[in-house]
Structures are given as structure tokens and as C-alpha cells.
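Novice: I'd like to ask some things about the structure below.
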Amino acid sequence: MQYGICSNPEMSHVATRAGFDFLEWSVGGLLKPTEDHESFAAALKEARAAELPYPVVNRFVPGGLRITGLDADLSVLERYVTTTFQRAREAGVKVIVFGSGGARRIPDGFDPKRAHAQITAFCRMLAPIALDHGVTVVVEPLNQKECNILTTVGECAALVREVDHPAVRLLVDAYHLLKDNDSLQDIANNGDLLSHVHVATVPNRLPPGAEACDLLPFFDALVQARYDGRVSIEGRISDAGTELPGAISLMKALERKAKNRSSNQGIQPTS
């Protein structure tokens, strides 16, 4: 697995020293799809000056740009995602995280089935555009306090299978999953869809090792899913110089232990 941190470029040096492989910024921070090209160029220059690459960005759609509800407008969304993907290609971004709880949240009194259909239509609209620009969009399950739709790995995996396009895949997040006691088995069962991972502790959403939190079952599930891609810490980092070396050391140890356990059980994970 390759390990990264959700951060702006200010953390690049300490992350490099700690042994991380990449950084993950936000769509608004790096690609700036609602701003002019000069603003994007300035952010891109800052990102390129960092010591680590930015292959992934998160916070895909701002809350004010509705995906569900009466205010949702697929033509407006299409213009937004087209600009986003064009700039992602220029910036070398390969993966965009579709959490966007505010944008996809079902408005009060709105039909959940209609909201699901709107999200499905959104994903089907963006999929060929993403593919044309070399981008994969990963659907993130959010905990139930942050959103009221797509809150489990199983629900998000079902959406990805319904959309049925190689540019729309699945993300799993340790914090959201553990907070809601979601199914670890659903990670293992949907390994063929998994294209990105977020990790942080519960209850306080800190880097691994910063508080007591058993993440081994989560890594067991990743290994059972035969996942060997990128894993980003998405949590509150208060002392990067201390927390980041400990976090990457712990995650690598958990990966090794999970692979050893899997091998002993007769499951052959990817190397």
C-alpha cells in the first residue's frame, strides 16, 4: 500500500521526512473549478513546489451545488465537473473523492428514491467525462451524522455497480465505518470496486496511533479485499512532527500483520 495525508502543501516537508508517498488536497484548494484559471494556476504552482505529488483530491462538489432535491440541475453540474476534470488532468490528479455530504444530502421531505435516481444520473453523466480526462471518481460512504444517503459501504458499492462504469469506483473510510459500526465484511466483498482508502481513528478522527483505536480489523478487511492502493490519513493533525512518523509506522505494521494473518488463513493478498 502507499500512504498519504490529506493536507495542503504546507505539510509536504514533514510528510516527506516521515516517509509518506503522496498528499491529498481538496478540489477547491487545488483545482478551484468555480474560480478563474489564474487562481488555479497559482494553486497548481504551489502544489508542484511540494515535495510529494497530489494524485488524489477530495471534497468534490460544494454544498451549494445541489445533486439532490428540487434545486439540482444536471446541466450546471456537468459544466462544473467538466472544468474539474480538465484541471485535474492538467494537475496530474488521478482520483477524486465523492463525499460531498452537503451536495448529496436528501432535503427534508424529498423522496429518497428520487434522490437516489438523481445521484445515479449524476454519476452516469460524469463517468465518460472523467474517463476522457484520465480521472476516477470514488464514492465515499459518510457516517449518518454527516449525510442521510450513501452512508454504508454496501450502499455505495451498490451504487457503483448500478452505474457500471470504470471511472466510478468505491472508497472506504475507517472513521466513518467504525463510527457507525458498518460492515467490515462489505469491504472484503467489494474489493473489485475499491480504488481509494481513508483512515483515521474513532472517536476523535485523529491519525492512527494518536488515540486508542483498534484498526487491525480494518486492515484485515483491506487485505481480504486484495487492496494494495493508496491510503490517506484524513484526520486532525495537531503535532505533525510527532504524529506522522508514528502513524505511518503503525499503518505499515498493521498492513504486515494483516497480510501475515491472511496468509496463515490461506488467503493470498497482493504483495
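Every chain in the C-alpha cells has a letter given in the order shown (A, B, ...), and although residue numbers restart at 1 in each chain, ligands are simply numbered from 1 in the order shown.
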Using only C-alpha atoms, which residues sit within 8 Å of Leu142 (chain A) once same-chain residues fewer than 6 positions away are excluded, as a PyMOL selection string?
Specialist: chain A and resi 99+101+150-152+176-177
Novice: Out of region 173-212 of chain A, which residues get strand (DSSP E or B) from DSSP, as a PyMOL selection string?
Specialist: chain A and resi 173+194-199
Novice: Now that the selection is made, can you save its residues with C-alpha atoms as a PDB file, in the first residue's frame?
Specialist:
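Written file, again-v7.pdb:
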ATOM      1  CA  ASP A 173     -13.098   5.248   5.254  1.00  0.00           C
ATOM      2  CA  LEU A 194     -12.112  -0.433  -4.238  1.00  0.00           C
ATOM      3  CA  SER A 195      -9.881   2.361  -5.570  1.00  0.00           C
ATOM      4  CA  HIS A 196      -9.013   4.535  -2.560  1.00  0.00           C
ATOM      5  CA  VAL A 197      -8.989   4.432   1.248  1.00  0.00           C
ATOM      6  CA  HIS A 198      -9.202   6.986   4.052  1.00  0.00           C
ATOM      7  CA  VAL A 199      -8.154   6.225   7.597  1.00  0.00           C
TER       8      VAL A 199
END
Novice: Which of these, A:Glu24, A:Asp36, A:Asp228, A:Asp164, has the shortest distance to Gln2 (chain A) once you count only C-alpha atoms?
Specialist: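 So, comparing all the options, the nearest one is A:Asp228.
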Novice: Give me the residues near Gly109 (chain A) as a PyMOL selection string, where near means some atom within 12 Å (using only C-alpha atoms) and where sequence neighbours in that chain fewer than 3 positions away do not count.
Specialist: chain A and resi 68-70+105-106+112-115
Novice: Excluding Gly191 (chain A) and any residue of its chain fewer than 2 positions from it, enumerate the residues within 10 Å of it, using only C-alpha atoms, and give them as a count of residues only.
Specialist: 16
Novice: Just want the 8 Å neighbourhood of Val202 (chain A), counted on only C-alpha atoms, with same-chain residues fewer than 6 positions away dropped. Output as a list in words.
Specialist: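 Near Val202 (chain A), the qualifying residues are Tyr175, Leu178, Lys179 and Cys213 of chain A.
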Novice: Among region 50-246 of chain A, which ones does DSSP place in helix (DSSP H, G or I), written as a PyMOL selection string?
Specialist: chain A and resi 74-91+101-104+112-132+153-163+174-179+185-189+191-193+216-224+240-246
Novice: Would you please work out which residue, of A:Glu140, A:Asp21, A:Asp239, A:Asp220, is nearest to Cys156 (chain A) when using only C-alpha atoms?
Specialist: A:Glu140
Novice: Expressed in Å to a single decimal, how great is the separation between CA of Ile237 (chain A) and CA of Asn204 (chain A)?
Specialist: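 Distance reported for this atom pair: 10.9 Å.
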Novice: Which is closest to His165 (chain A) among A:Ile5, A:Ile233, A:Ile129, A:Ala258, if we use only C-alpha atoms?
Specialist: A:Ile129
Novice: Which residue gives the smallest distance to Ala15 (chain A) among A:Asn190, A:Met251, A:Ala117, A:Gly241, with only C-alpha atoms counted?
Specialist: A:Gly241
Novice: Write out as a CSV table (one decimal) with N, CA and C atoms, in the first residue's frame the residues lying within 12 Å of Ala49 (chain A), counting only C-alpha atoms and excluding same-chain residues fewer than 6 positions away.
Specialist:
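Result went into part.csv, see below:
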chain,number,residue,atom,x,y,z
A,8,ASN,N,-2.8,20.5,2.7
A,8,ASN,CA,-2.3,21.4,1.8
A,8,ASN,C,-0.8,21.3,1.7
A,9,PRO,N,-0.1,21.9,0.8
A,9,PRO,CA,1.3,21.7,0.6
A,9,PRO,C,2.2,22.1,1.9
A,10,GLU,N,1.6,22.8,2.8
A,10,GLU,CA,2.4,23.2,4.0
A,10,GLU,C,3.0,22.0,4.7
A,11,MET,N,2.3,20.9,4.6
A,11,MET,CA,2.8,19.7,5.4
A,11,MET,C,3.7,18.8,4.6
A,12,SER,N,4.0,19.2,3.4
A,12,SER,CA,4.8,18.4,2.5
A,12,SER,C,6.2,18.0,3.1
A,13,HIS,N,6.9,18.9,3.7
A,13,HIS,CA,8.2,18.6,4.1
A,13,HIS,C,8.2,17.6,5.3
A,42,ALA,N,-2.1,29.4,-9.9
A,42,ALA,CA,-1.4,29.7,-8.6
A,42,ALA,C,-1.4,28.5,-7.7
A,43,ALA,N,-2.5,27.9,-7.5
A,43,ALA,CA,-2.6,26.7,-6.7
A,43,ALA,C,-1.8,25.6,-7.2
Novice: Kindly indicate which residue among A:Pro62, A:Gly134, A:Gly209, A:Gly154 lies nearest to Ala91 (chain A), using only C-alpha atoms for the distances.
Specialist: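 For Ala91 (chain A), the nearest of the given residues is A:Gly134.
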